[in-house]
Structure formats: C-alpha cells, structure tokens
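Shown below: entry29.cif, with mmCIF, C-alpha atoms and all ligand atoms.
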```
data_structure
#
loop_
_atom_site.group_PDB
_atom_site.id
_atom_site.type_symbol
_atom_site.label_atom_id
_atom_site.label_comp_id
_atom_site.auth_asym_id
_atom_site.auth_seq_id
_atom_site.Cartn_x
_atom_site.Cartn_y
_atom_site.Cartn_z
ATOM 1 C CA MET H 1 61.802 6.422 13.196
ATOM 2 C CA LYS H 2 60.508 7.529 16.597
ATOM 3 C CA ASP H 3 57.351 9.597 16.484
ATOM 4 C CA LYS H 4 59.047 12.601 18.065
ATOM 5 C CA ASP H 5 60.340 13.262 14.552
ATOM 6 C CA ILE H 6 56.868 13.694 13.137
ATOM 7 C CA ALA H 7 54.999 15.394 15.958
ATOM 8 C CA GLY H 8 53.967 19.039 15.776
ATOM 9 C CA GLU H 9 56.159 21.573 17.556
ATOM 10 C CA SER H 10 53.685 22.359 20.314
ATOM 11 C CA CYS H 11 53.186 18.713 21.234
ATOM 12 C CA GLU H 12 54.431 17.126 24.378
ATOM 13 C CA ILE H 13 56.404 13.965 23.674
ATOM 14 C CA LEU H 14 55.835 10.964 25.916
ATOM 15 C CA VAL H 15 59.055 8.997 25.939
ATOM 16 C CA PRO H 16 58.786 5.398 27.223
ATOM 17 C CA PHE H 17 60.834 4.565 30.329
ATOM 18 C CA HIS H 18 62.087 1.307 28.817
ATOM 19 C CA GLU H 19 61.452 -1.388 26.198
ATOM 20 C CA ARG H 20 57.879 -2.504 25.481
ATOM 21 C CA LYS H 21 56.587 -4.900 28.121
ATOM 22 C CA PRO H 22 54.923 -8.160 27.056
ATOM 23 C CA LEU H 23 51.195 -7.688 26.432
ATOM 24 C CA GLU H 24 50.155 -10.061 29.236
ATOM 25 C CA GLU H 25 52.113 -7.959 31.718
ATOM 26 C CA ILE H 26 50.608 -4.708 30.430
ATOM 27 C CA GLU H 27 47.113 -6.170 30.764
ATOM 28 C CA ARG H 28 47.756 -7.559 34.227
ATOM 29 C CA GLU H 29 49.157 -4.260 35.468
ATOM 30 C CA ILE H 30 46.009 -2.397 34.447
ATOM 31 C CA ILE H 31 43.971 -4.306 36.997
ATOM 32 C CA LYS H 32 46.690 -4.931 39.622
ATOM 33 C CA LYS H 33 49.422 -2.278 39.801
ATOM 34 C CA TYR H 34 47.154 0.491 38.463
ATOM 35 C CA ARG H 35 43.976 -0.802 40.106
ATOM 36 C CA LYS H 36 43.366 2.280 42.253
ATOM 37 C CA VAL H 37 44.234 5.002 39.754
ATOM 38 C CA LEU H 38 43.010 3.460 36.486
ATOM 39 C CA TRP H 39 40.819 0.363 36.783
ATOM 40 C CA SER H 40 38.704 1.395 39.817
ATOM 41 C CA LYS H 41 38.185 4.881 38.430
ATOM 42 C CA PHE H 42 37.077 3.451 35.074
ATOM 43 C CA THR H 43 34.575 1.048 36.667
ATOM 44 C CA LYS H 44 33.340 3.751 39.068
ATOM 45 C CA ALA H 45 32.523 6.166 36.247
ATOM 46 C CA ILE H 46 30.742 3.374 34.384
ATOM 47 C CA LYS H 47 28.697 2.567 37.483
ATOM 48 C CA ASP H 48 28.007 6.136 38.636
ATOM 49 C CA TYR H 49 26.792 7.271 35.227
ATOM 50 C CA GLN H 50 25.520 3.947 33.783
ATOM 51 C CA LEU H 51 27.826 4.230 30.813
ATOM 52 C CA VAL H 52 27.634 0.541 29.890
ATOM 53 C CA GLU H 53 24.224 -1.161 29.818
ATOM 54 C CA GLU H 54 22.813 -4.511 28.842
ATOM 55 C CA GLY H 55 22.817 -5.029 25.063
ATOM 56 C CA ASP H 56 25.061 -2.061 24.300
ATOM 57 C CA LYS H 57 27.266 -2.080 21.241
ATOM 58 C CA ILE H 58 29.994 0.445 21.927
ATOM 59 C CA ALA H 59 32.251 2.046 19.331
ATOM 60 C CA VAL H 60 35.518 2.801 21.111
ATOM 61 C CA ALA H 61 37.186 5.683 19.268
ATOM 62 C CA ILE H 62 40.926 5.126 18.907
ATOM 63 C CA SER H 63 43.167 7.979 17.828
ATOM 64 C CA GLY H 64 46.315 6.067 18.754
ATOM 65 C CA GLY H 65 47.096 8.540 21.524
ATOM 66 C CA LYS H 66 47.744 7.471 25.095
ATOM 67 C CA ASP H 67 44.197 8.092 26.317
ATOM 68 C CA SER H 68 42.264 6.138 23.746
ATOM 69 C CA MET H 69 44.743 3.246 23.738
ATOM 70 C CA LEU H 70 44.333 2.884 27.484
ATOM 71 C CA MET H 71 40.548 3.157 27.050
ATOM 72 C CA ALA H 72 40.603 0.271 24.568
ATOM 73 C CA LYS H 73 42.546 -1.933 26.992
ATOM 74 C CA LEU H 74 40.228 -1.006 29.888
ATOM 75 C CA PHE H 75 37.182 -1.988 27.828
ATOM 76 C CA GLN H 76 38.799 -5.294 26.885
ATOM 77 C CA GLU H 77 39.522 -5.988 30.563
ATOM 78 C CA LEU H 78 35.950 -5.061 31.452
ATOM 79 C CA LYS H 79 34.678 -7.598 28.948
ATOM 80 C CA LYS H 80 36.977 -10.251 30.441
ATOM 81 C CA HIS H 81 36.149 -9.610 34.072
ATOM 82 C CA ASN H 82 32.557 -8.455 34.097
ATOM 83 C CA GLY H 83 30.109 -11.297 34.119
ATOM 84 C CA GLN H 84 26.928 -9.325 34.617
ATOM 85 C CA ILE H 85 26.367 -7.056 31.657
ATOM 86 C CA ASN H 86 26.357 -8.241 28.050
ATOM 87 C CA PHE H 87 27.852 -5.733 25.692
ATOM 88 C CA GLU H 88 29.807 -5.695 22.441
ATOM 89 C CA LEU H 89 32.781 -3.630 21.348
ATOM 90 C CA GLU H 90 34.006 -2.182 18.058
ATOM 91 C CA PHE H 91 37.270 -0.252 17.871
ATOM 92 C CA ILE H 92 37.191 2.490 15.273
ATOM 93 C CA ALA H 93 40.073 4.674 14.109
ATOM 94 C CA MET H 94 39.452 7.538 11.737
ATOM 95 C CA ASP H 95 42.325 8.477 9.448
ATOM 96 C CA PRO H 96 41.950 12.216 8.807
ATOM 97 C CA GLY H 97 44.911 12.125 6.387
ATOM 98 C CA TYR H 98 47.739 11.127 8.704
ATOM 99 C CA HIS H 99 51.371 11.160 7.681
ATOM 100 C CA PRO H 100 52.136 7.528 6.624
ATOM 101 C CA ASP H 101 54.567 7.128 9.551
ATOM 102 C CA ILE H 102 51.862 8.155 11.995
ATOM 103 C CA LYS H 103 49.417 5.710 10.456
ATOM 104 C CA ASN H 104 51.980 2.910 10.673
ATOM 105 C CA LEU H 105 52.663 3.698 14.307
ATOM 106 C CA LEU H 106 48.923 3.546 15.030
ATOM 107 C CA ILE H 107 48.566 0.189 13.256
ATOM 108 C CA GLU H 108 51.677 -1.303 14.810
ATOM 109 C CA ASN H 109 50.746 -0.250 18.359
ATOM 110 C CA CYS H 110 47.224 -1.627 17.994
ATOM 111 C CA GLU H 111 48.531 -4.907 16.583
ATOM 112 C CA TYR H 112 50.935 -5.266 19.505
ATOM 113 C CA LEU H 113 48.204 -4.442 22.033
ATOM 114 C CA LYS H 114 45.698 -6.706 20.243
ATOM 115 C CA ILE H 115 43.215 -3.905 19.696
ATOM 116 C CA PRO H 116 41.316 -4.945 16.542
ATOM 117 C CA ILE H 117 40.830 -1.514 14.992
ATOM 118 C CA LYS H 118 38.735 -0.765 11.947
ATOM 119 C CA ILE H 119 40.454 2.124 10.182
ATOM 120 C CA PHE H 120 38.464 4.358 7.876
ATOM 121 C CA GLU H 121 39.505 7.438 5.931
ATOM 122 C CA SER H 122 37.789 10.790 6.167
ATOM 123 C CA GLY H 123 40.073 13.277 4.393
ATOM 124 C CA ILE H 124 39.342 15.799 7.149
ATOM 125 C CA PHE H 125 42.826 17.374 7.195
ATOM 126 C CA LYS H 126 42.541 18.209 3.508
ATOM 127 C CA VAL H 127 39.066 19.697 3.829
ATOM 128 C CA VAL H 128 39.964 21.717 6.915
ATOM 129 C CA ASN H 129 43.154 23.004 5.334
ATOM 130 C CA GLU H 130 41.189 24.136 2.279
ATOM 131 C CA ILE H 131 38.048 25.618 3.763
ATOM 132 C CA ALA H 132 38.835 26.533 7.370
ATOM 133 C CA ARG H 133 42.382 27.842 7.519
ATOM 134 C CA ASP H 134 41.494 30.413 10.172
ATOM 135 C CA TYR H 135 39.702 28.094 12.569
ATOM 136 C CA PRO H 136 40.991 24.586 11.768
ATOM 137 C CA CYS H 137 40.651 23.108 15.257
ATOM 138 C CA PHE H 138 36.989 23.974 15.680
ATOM 139 C CA MET H 139 36.111 22.650 12.226
ATOM 140 C CA CYS H 140 38.262 19.560 12.612
ATOM 141 C CA ALA H 141 36.699 18.642 15.986
ATOM 142 C CA LYS H 142 33.187 19.049 14.581
ATOM 143 C CA MET H 143 33.896 16.996 11.468
ATOM 144 C CA ARG H 144 35.728 14.349 13.493
ATOM 145 C CA ARG H 145 32.788 13.907 15.828
ATOM 146 C CA GLY H 146 30.441 13.543 12.842
ATOM 147 C CA ALA H 147 32.703 11.020 11.114
ATOM 148 C CA LEU H 148 33.003 8.916 14.284
ATOM 149 C CA TYR H 149 29.256 8.920 14.929
ATOM 150 C CA SER H 150 28.554 7.927 11.297
ATOM 151 C CA LYS H 151 30.985 5.030 11.429
ATOM 152 C CA ALA H 152 29.634 3.891 14.805
ATOM 153 C CA LYS H 153 26.106 3.953 13.455
ATOM 154 C CA GLU H 154 27.114 2.108 10.302
ATOM 155 C CA LEU H 155 28.539 -0.665 12.524
ATOM 156 C CA GLY H 156 25.268 -0.902 14.461
ATOM 157 C CA CYS H 157 26.604 0.732 17.630
ATOM 158 C CA ASN H 158 24.422 2.714 20.013
ATOM 159 C CA LYS H 159 27.286 4.375 21.905
ATOM 160 C CA LEU H 160 30.495 6.170 21.002
ATOM 161 C CA ALA H 161 33.237 6.165 23.675
ATOM 162 C CA LEU H 162 35.817 8.965 23.704
ATOM 163 C CA GLY H 163 39.031 9.071 25.736
ATOM 164 C CA HIS H 164 38.527 12.381 27.550
ATOM 165 C CA HIS H 165 39.804 12.231 31.127
ATOM 166 C CA PHE H 166 39.638 14.171 34.434
ATOM 167 C CA ASN H 167 42.119 16.825 33.285
ATOM 168 C CA ASP H 168 40.271 17.369 29.989
ATOM 169 C CA VAL H 169 37.149 17.993 32.074
ATOM 170 C CA ILE H 170 38.672 20.645 34.344
ATOM 171 C CA GLU H 171 40.629 22.292 31.527
ATOM 172 C CA THR H 172 37.407 22.571 29.520
ATOM 173 C CA THR H 173 35.619 24.051 32.524
ATOM 174 C CA LEU H 174 38.325 26.729 32.871
ATOM 175 C CA LEU H 175 38.497 27.371 29.116
ATOM 176 C CA ASN H 176 34.777 28.116 29.149
ATOM 177 C CA LEU H 177 35.115 30.295 32.223
ATOM 178 C CA PHE H 178 38.057 32.374 31.015
ATOM 179 C CA TYR H 179 37.477 32.547 27.279
ATOM 180 C CA THR H 180 33.678 32.594 26.978
ATOM 181 C CA GLY H 181 32.611 33.746 30.425
ATOM 182 C CA ASN H 182 30.259 30.873 31.067
ATOM 183 C CA PHE H 183 30.170 27.957 33.445
ATOM 184 C CA LYS H 184 29.972 24.739 31.452
ATOM 185 C CA THR H 185 31.690 21.443 31.985
ATOM 186 C CA MET H 186 32.248 18.314 29.899
ATOM 187 C CA LEU H 187 29.637 15.655 30.707
ATOM 188 C CA PRO H 188 30.312 11.929 31.256
ATOM 189 C CA LYS H 189 27.554 11.067 28.780
ATOM 190 C CA LEU H 190 25.244 12.893 26.433
ATOM 191 C CA LYS H 191 22.717 12.165 23.739
ATOM 192 C CA SER H 192 23.759 13.046 20.219
ATOM 193 C CA SER H 193 21.673 15.843 18.735
ATOM 194 C CA ASN H 194 22.422 14.842 15.125
ATOM 195 C CA PHE H 195 22.415 11.054 15.299
ATOM 196 C CA SER H 196 19.246 9.479 16.622
ATOM 197 C CA ASP H 197 19.600 6.820 19.326
ATOM 198 C CA MET H 198 23.309 7.477 19.731
ATOM 199 C CA GLU H 199 25.033 8.432 22.962
ATOM 200 C CA LEU H 200 28.513 9.716 23.588
ATOM 201 C CA ILE H 201 30.236 8.316 26.687
ATOM 202 C CA ARG H 202 33.463 9.303 28.466
ATOM 203 C CA PRO H 203 34.537 6.388 30.680
ATOM 204 C CA LEU H 204 37.923 7.937 31.611
ATOM 205 C CA TYR H 205 36.029 10.754 33.342
ATOM 206 C CA TYR H 206 37.614 10.170 36.770
ATOM 207 C CA ILE H 207 41.085 9.183 35.551
ATOM 208 C CA GLU H 208 43.916 11.671 36.007
ATOM 209 C CA GLU H 209 46.182 12.274 33.036
ATOM 210 C CA LYS H 210 49.390 11.863 35.031
ATOM 211 C CA ASN H 211 48.416 8.247 35.755
ATOM 212 C CA ILE H 212 47.684 7.543 32.092
ATOM 213 C CA GLN H 213 51.116 8.947 31.228
ATOM 214 C CA ARG H 214 52.808 6.862 33.897
ATOM 215 C CA PHE H 215 51.054 3.706 32.698
ATOM 216 C CA ILE H 216 51.911 4.323 29.036
ATOM 217 C CA GLN H 217 55.557 5.205 29.702
ATOM 218 C CA ASN H 218 55.931 2.204 31.994
ATOM 219 C CA SER H 219 54.425 -0.077 29.346
ATOM 220 C CA GLY H 220 57.140 1.028 26.946
ATOM 221 C CA ILE H 221 54.709 2.218 24.290
ATOM 222 C CA TRP H 222 55.283 5.167 21.958
ATOM 223 C CA PRO H 223 51.804 6.633 21.565
ATOM 224 C CA LEU H 224 50.828 9.062 18.839
ATOM 225 C CA ASN H 225 51.530 12.323 20.609
ATOM 226 C CA CYS H 226 50.184 14.824 18.205
ATOM 227 C CA ALA H 227 49.183 13.763 14.760
ATOM 228 C CA CYS H 228 47.812 17.062 13.527
ATOM 229 C CA MET H 229 49.140 18.076 10.106
ATOM 230 C CA VAL H 230 47.191 21.328 9.867
ATOM 231 C CA ALA H 231 47.355 23.492 12.975
ATOM 232 C CA ALA H 232 49.995 22.047 15.277
ATOM 233 C CA LYS H 233 52.690 24.442 14.192
ATOM 234 C CA LYS H 234 50.452 27.450 13.677
ATOM 235 C CA ILE H 235 48.804 27.979 17.026
ATOM 236 C CA GLY H 236 49.689 27.580 20.670
ATOM 237 C CA SER H 237 47.275 25.503 22.604
ATOM 238 C CA LYS H 238 44.881 27.271 24.952
ATOM 239 C CA ARG H 239 44.351 23.935 26.630
ATOM 240 C CA GLN H 240 48.063 23.801 27.404
ATOM 241 C CA GLU H 241 47.715 27.233 28.975
ATOM 242 C CA MET H 242 44.954 25.931 31.296
ATOM 243 C CA LYS H 243 47.065 22.905 32.145
ATOM 244 C CA LYS H 244 49.919 25.147 33.269
ATOM 245 C CA LEU H 245 47.573 27.400 35.207
ATOM 246 C CA ILE H 246 46.123 24.456 37.130
ATOM 247 C CA GLU H 247 49.611 23.178 37.928
ATOM 248 C CA GLU H 248 50.531 26.623 39.294
ATOM 249 C CA LEU H 249 47.344 26.798 41.368
ATOM 250 C CA LYS H 250 48.004 23.378 42.832
ATOM 251 C CA LYS H 251 51.267 24.626 44.332
ATOM 252 C CA THR H 252 49.341 26.786 46.775
ATOM 253 C CA ILE H 253 45.917 25.092 46.670
ATOM 254 C CA PRO H 254 46.649 21.349 46.437
ATOM 255 C CA ASN H 255 43.011 20.393 45.821
ATOM 256 C CA ALA H 256 42.315 23.082 43.222
ATOM 257 C CA ASP H 257 41.872 20.497 40.453
ATOM 258 C CA LYS H 258 39.406 18.409 42.453
ATOM 259 C CA SER H 259 37.475 21.498 43.514
ATOM 260 C CA ILE H 260 37.084 22.651 39.901
ATOM 261 C CA PHE H 261 35.885 19.153 38.993
ATOM 262 C CA HIS H 262 33.363 18.943 41.852
ATOM 263 C CA SER H 263 32.071 22.474 41.434
ATOM 264 C CA ALA H 264 29.982 21.314 38.470
ATOM 265 C CA LYS H 265 28.164 18.913 40.807
ATOM 266 C CA ASN H 266 27.589 21.504 43.514
ATOM 267 C CA VAL H 267 26.056 24.451 41.708
ATOM 268 C CA ASN H 268 23.935 26.352 44.199
ATOM 269 C CA MET H 269 20.933 27.524 42.207
ATOM 270 C CA ASN H 270 20.054 30.022 44.962
ATOM 271 C CA ALA H 271 23.207 31.950 44.219
ATOM 272 C CA ILE H 272 23.254 32.047 40.433
ATOM 273 C CA LEU H 273 22.454 35.138 38.364
ATOM 274 C CA GLY H 274 21.408 33.440 35.176
ATOM 275 C CA TRP H 275 21.488 30.204 33.220
ATOM 276 C CA GLN H 276 20.640 28.639 29.875
ATOM 277 C CA LYS H 277 18.608 25.524 29.262
ATOM 278 C CA ASN H 278 17.669 24.127 25.847
ATOM 279 C CA ASN H 279 18.823 27.352 24.169
ATOM 280 C CA LYS H 280 16.585 29.498 26.371
ATOM 281 C CA LYS H 281 18.061 32.062 28.771
ATOM 282 C CA TYR H 282 16.778 32.561 32.316
ATOM 283 C CA SER H 283 17.524 35.116 35.017
ATOM 284 C CA TYR H 284 17.120 34.513 38.704
ATOM 285 C CA LEU H 285 14.874 37.581 38.658
ATOM 286 C CA ASP H 286 12.339 35.586 36.586
ATOM 287 C CA PHE H 287 11.777 33.585 39.776
ATOM 288 C CA TYR H 288 12.413 36.340 42.346
HETATM 289 N N1 LIG F 1 41.334 10.095 14.504
HETATM 290 C C1 LIG F 1 40.590 9.606 15.481
HETATM 291 N N2 LIG F 1 40.006 8.377 15.336
HETATM 292 C C2 LIG F 1 39.239 7.876 16.323
HETATM 293 N N3 LIG F 1 39.013 8.502 17.490
HETATM 294 C C3 LIG F 1 39.545 9.710 17.688
HETATM 295 C C4 LIG F 1 40.383 10.328 16.690
HETATM 296 N N4 LIG F 1 40.789 11.510 17.177
HETATM 297 C C5 LIG F 1 40.245 11.633 18.406
HETATM 298 N N5 LIG F 1 39.500 10.562 18.723
HETATM 299 C C6 LIG F 1 38.751 10.315 19.972
HETATM 300 O O1 LIG F 1 38.454 11.543 20.595
HETATM 301 C C7 LIG F 1 39.078 11.609 21.886
HETATM 302 C C8 LIG F 1 39.531 13.015 22.180
HETATM 303 O O2 LIG F 1 40.353 13.485 21.146
HETATM 304 P P1 LIG F 1 41.566 14.464 21.421
HETATM 305 O O3 LIG F 1 42.216 14.811 20.153
HETATM 306 O O4 LIG F 1 41.096 15.526 22.340
HETATM 307 O O5 LIG F 1 42.445 13.392 22.152
HETATM 308 P P2 LIG F 1 43.661 13.356 23.078
HETATM 309 O O6 LIG F 1 43.396 14.127 24.336
HETATM 310 O O7 LIG F 1 44.888 13.611 22.309
HETATM 311 O O8 LIG F 1 43.469 11.781 23.419
HETATM 312 P P3 LIG F 1 44.200 10.544 22.830
HETATM 313 O O9 LIG F 1 45.399 10.450 23.729
HETATM 314 O O10 LIG F 1 43.292 9.391 22.937
HETATM 315 O O11 LIG F 1 44.518 10.904 21.401
HETATM 316 C C9 LIG F 1 40.217 10.585 21.811
HETATM 317 O O12 LIG F 1 40.590 10.124 23.085
HETATM 318 C C10 LIG F 1 39.582 9.508 20.964
HETATM 319 O O13 LIG F 1 38.694 8.712 21.734
#
```
Mind turning this structure into structure tokens?
Ligand SMILES: Nc1ncnc2c1ncn2[C@@H]1O[C@H](COP(=O)(O)OP(=O)(O)OP(=O)(O)O)[C@@H](O)[C@H]1O
Amino acid sequence: MKDKDIAGESCEILVPFHERKPLEEIEREIIKKYRKVLWSKFTKAIKDYQLVEEGDKIAVAISGGKDSMLMAKLFQELKKHNGQINFELEFIAMDPGYHPDIKNLLIENCEYLKIPIKIFESGIFKVVNEIARDYPCFMCAKMRRGALYSKAKELGCNKLALGHHFNDVIETTLLNLFYTGNFKTMLPKLKSSNFSDMELIRPLYYIEEKNIQRFIQNSGIWPLNCACMVAAKKIGSKRQEMKKLIEELKKTIPNADKSIFHSAKNVNMNAILGWQKNNKKYSYLDFY
C-alpha cells in the first residue's frame, strides 16, 4: 500500500519520480548534486548559529516526513566529513498512535536509509482526541515537544534537533503577523524553558522546502506525508494558506520570501511602537 491511501485529506502527497535509488547514491548526492541547496545551507546554519558544539549529544527528532529524514542524513554526513567537532547522535521517533501502516512505512524507510531510530510510544493522539477536540493541533504540538525533550534527556542528550526549514520560518512569521498581530519569527536555536540544560536547534533553517521535495522525490522515497489521525480531516491548514499567499506574492515580488526571512534580522528599533521581552511589555514612549 502506498501512503497516499492513509494520508489525511488536506495533505500534500509527495510522489517519487522513480524507483528508490541505492543508499550510497542518495548519500553522495546530498553532498555533491545538492551541495549548494542542501549541504552548504545546513553547514552554514550550523556555523552561523553554533548549533553543533564540542561534546554535544544531539537527539535528532524523526517523524518520518521528508524534512526530518533529510535532517538525519545531513547529520550522518556531517559526522562522516567533519573532523573538527566531536559530537554524538541519537535518532528518536515518537509514535503518537500512528496507523500501523504509517508506522511500518517509517520503520522501513529508516531501515533502508540506515537511520538507527529509537521509537517510543506516547499515546498523544488518544489523549488529544479525548481532552482537546476543539484545539487538537495546539495541544498535540505542545505534548509532542514535551515527549521529545523527555526522551532526549533520558538518552543523555543536551540538544533536540527539529526539521523546520526556511519556509516554516517565513510561514510562521506571517501566521503571527496576520492571525495574532505580532512580529515574531521562529529561531534557529533556543533554550528550553521546561527542561534544564536542553536546547532546541533547527539546522534546516536556511534550506528551502522545494529543494527538500526535489531531493526526496529524486531519491525515490515515499515519506510520511501527513500522519495525523485526529485533525487532518477536520480543519484546513492555516500554514497552507500562508504557503499559497507567499507563492502568489512571489509572482510579482520575486524576493518576497527572502525579504520576510531577513526582516527578522533587520528590525529597526528606532521605528518600532512597542515590544515584549521576558513577558514584559515596553512602549517606545518609555524611552522617548
Ligand atoms: N512523531 C514525531 N517523532 C519525532 N519527531 C517529530 C515527530 N513529529 C514531529 N517531529 C519533529 O518536529 C519537526 C516539525 O514537525 P512538523 O509536524 O511541523 O513537521 P513537518 O513539517 O511535517 O516535517 P517532517 O517532514 O520532518 O515531518 C519534524 O521535522 C521533526 O523533527
């Protein structure tokens, strides 16, 4: 069975262009054919934001989707080719209560790609379905983050890597702007507020989604497209709405995506009405 049969209705299906390529070829292409759009962007984010440091033990969170599978392979390549920094990797996959076919697809893909995942169960789908029917996505994301941090900590890791990429960053920025009226982006790393000595890192920060899709489809892999069993059929995705909006904007403003991304680096504090820091609100008039 192909996973298009089990995906939610609102999910985009990534259909491979051809049969699965041999693993050695997939690995080689990451650093050769996709050097500019994947490998260099991954290493640049790591360097710019010091995402990987000496002695780190990093829990790489694998959902089985295209983004986190690529992230796993990039980390494995980094370990192979980087001689300077000593770091260790754990690959963790949380089973929130997947359909058995989804779980099998996850396991089979990871076996083929030689990603040694540690799967653990959380029962999140069941809990969310029972106690948070009206806001399942919010609750699910919160519980998922907690479950991943706990597992990472249990394995002795000091960092948790998530597969958010460039487009997730700009979509989040616009979601905040349009739906909550604030300016807030997604950061490349942050300290956990609930788990001491744990950091969250996003090494795909500079990587564009279209290049991840191209790589995955060219590799011949069927990723998990949308494994949600709770909300997928109930709600349309606001993120999808932002994605479409950005595509429209790019037709007339080709660099719109890059400008949204860079705007979070170029905030002019002399032309800002108000801001929040550590839960405290400030107005520019406080400093007038
Ligand atoms: N069940 C899970 N087990 C482990 N990690 C997860 C799981 N679900 C999500 N993650 C992590 O959180 C990141 C963001 O999750 P989200 O659901 O937004 O992913 P996505 O955009 O569909 O990415 P992916 O293609 O990797 O699934 C994933 O890239 C992955 O690193």
Of H:Lys44, H:Phe195, H:Leu160, H:Asp257, the one sitting nearest H:Phe91 when using only C-alpha atoms is H:Leu160
Expand the PyMOL selection byres (((chain H and resi 127) around 12) and not hetatm) into the explicit residue set it covers here, and present it as a PDB file with C-alpha atoms, in the frame of the given file.
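Listed below is the output, out_29.pdb:
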```
ATOM      1  CA  PRO H  96      41.950  12.216   8.807  1.00  0.00           C
ATOM      2  CA  GLY H  97      44.911  12.125   6.387  1.00  0.00           C
ATOM      3  CA  SER H 122      37.789  10.790   6.167  1.00  0.00           C
ATOM      4  CA  GLY H 123      40.073  13.277   4.393  1.00  0.00           C
ATOM      5  CA  ILE H 124      39.342  15.799   7.149  1.00  0.00           C
ATOM      6  CA  PHE H 125      42.826  17.374   7.195  1.00  0.00           C
ATOM      7  CA  LYS H 126      42.541  18.209   3.508  1.00  0.00           C
ATOM      8  CA  VAL H 128      39.964  21.717   6.915  1.00  0.00           C
ATOM      9  CA  ASN H 129      43.154  23.004   5.334  1.00  0.00           C
ATOM     10  CA  GLU H 130      41.189  24.136   2.279  1.00  0.00           C
ATOM     11  CA  ILE H 131      38.048  25.618   3.763  1.00  0.00           C
ATOM     12  CA  ALA H 132      38.835  26.533   7.370  1.00  0.00           C
ATOM     13  CA  ARG H 133      42.382  27.842   7.519  1.00  0.00           C
ATOM     14  CA  PRO H 136      40.991  24.586  11.768  1.00  0.00           C
ATOM     15  CA  MET H 139      36.111  22.650  12.226  1.00  0.00           C
ATOM     16  CA  CYS H 140      38.262  19.560  12.612  1.00  0.00           C
ATOM     17  CA  MET H 143      33.896  16.996  11.468  1.00  0.00           C
ATOM     18  CA  ARG H 144      35.728  14.349  13.493  1.00  0.00           C
ATOM     19  CA  MET H 229      49.140  18.076  10.106  1.00  0.00           C
ATOM     20  CA  VAL H 230      47.191  21.328   9.867  1.00  0.00           C
TER      21      VAL H 230
END
```
Excluding stretch 28-36 of chain H and any residue of its chain fewer than 2 positions from it, enumerate the residues within 9 Å of it, using only C-alpha atoms, and give them as a count of residues only. 14
For this session: Would you mind telling me which residue in H:Leu106, H:Ala147, H:Ala161, H:Ile92 lies nearest to H:Phe75 when using all atoms listed in the file?
Result: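 So, comparing all the options, the nearest one is H:Ala161.
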Looking at all atoms listed in the file, which of H:Tyr284, H:Tyr135, H:Phe183, H:Phe120 is the one that sits closest to ligand LIG 1 (chain F)?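 Once distances to ligand LIG 1 (chain F) are computed over all atoms listed in the file, the minimum belongs to H:Phe120.
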Closest of H:Tyr49, H:Tyr205, H:Tyr112, H:Tyr179 to ligand LIG 1 (chain F), counting all atoms listed in the file, is H:Tyr205
- Task: Enter the distance from atom CA of H:Leu200 to atom O9 of ligand LIG 1 (chain F), in Å, rounded to one decimal.
- Result: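 Atom CA of H:Leu200 sits 16.9 Å away from atom O9 of ligand LIG 1 (chain F).
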With the cut-off set at 9 Å and counting all atoms listed in the file, tabulate each residue of chain H with an atom at most that distance from an atom of ligand LIG 1 (chain F), showing the nearest atom pair and its distance in Å to one decimal, ordered by chain and increasing number, as a Markdown table.
```
| residue | atom | partner | partner_atom | distance |
| --- | --- | --- | --- | --- |
| H:Val60 | CA | F:LIG1 | O13 | 6.7 |
| H:Ala61 | CA | F:LIG1 | N3 | 3.8 |
| H:Ile62 | CA | F:LIG1 | N3 | 4.1 |
| H:Ser63 | CA | F:LIG1 | C4 | 3.8 |
| H:Gly64 | CA | F:LIG1 | O11 | 5.8 |
| H:Gly65 | CA | F:LIG1 | O9 | 3.4 |
| H:Lys66 | CA | F:LIG1 | O9 | 4.0 |
| H:Asp67 | CA | F:LIG1 | O9 | 3.7 |
| H:Ser68 | CA | F:LIG1 | O10 | 3.5 |
| H:Met69 | CA | F:LIG1 | O10 | 6.4 |
| H:Leu70 | CA | F:LIG1 | O10 | 8.0 |
| H:Met71 | CA | F:LIG1 | O13 | 7.9 |
| H:Phe91 | CA | F:LIG1 | C2 | 8.5 |
| H:Ile92 | CA | F:LIG1 | C2 | 5.9 |
| H:Ala93 | CA | F:LIG1 | N2 | 3.9 |
| H:Met94 | CA | F:LIG1 | N2 | 3.7 |
| H:Asp95 | CA | F:LIG1 | N1 | 5.4 |
| H:Pro96 | CA | F:LIG1 | N1 | 6.1 |
| H:Tyr98 | CA | F:LIG1 | N1 | 8.7 |
| H:Ile119 | CA | F:LIG1 | N2 | 8.1 |
| H:Phe120 | CA | F:LIG1 | N2 | 8.6 |
| H:Ala141 | CA | F:LIG1 | O3 | 7.9 |
| H:Arg144 | CA | F:LIG1 | N4 | 6.9 |
| H:Arg145 | CA | F:LIG1 | O1 | 7.8 |
| H:Ala147 | CA | F:LIG1 | N2 | 8.8 |
| H:Leu148 | CA | F:LIG1 | C2 | 6.6 |
| H:Leu160 | CA | F:LIG1 | O13 | 8.6 |
| H:Ala161 | CA | F:LIG1 | O13 | 6.3 |
| H:Leu162 | CA | F:LIG1 | O13 | 3.5 |
| H:Gly163 | CA | F:LIG1 | O12 | 3.3 |
| H:His164 | CA | F:LIG1 | O12 | 5.4 |
| H:His165 | CA | F:LIG1 | O6 | 7.9 |
| H:Asp168 | CA | F:LIG1 | O6 | 7.2 |
| H:Arg202 | CA | F:LIG1 | O13 | 8.5 |
| H:Pro223 | CA | F:LIG1 | O9 | 7.8 |
| H:Leu224 | CA | F:LIG1 | O11 | 7.1 |
| H:Asn225 | CA | F:LIG1 | O7 | 7.0 |
| H:Cys226 | CA | F:LIG1 | O7 | 6.8 |
| H:Ala227 | CA | F:LIG1 | O11 | 8.6 |
| H:Cys228 | CA | F:LIG1 | O3 | 9.0 |
```
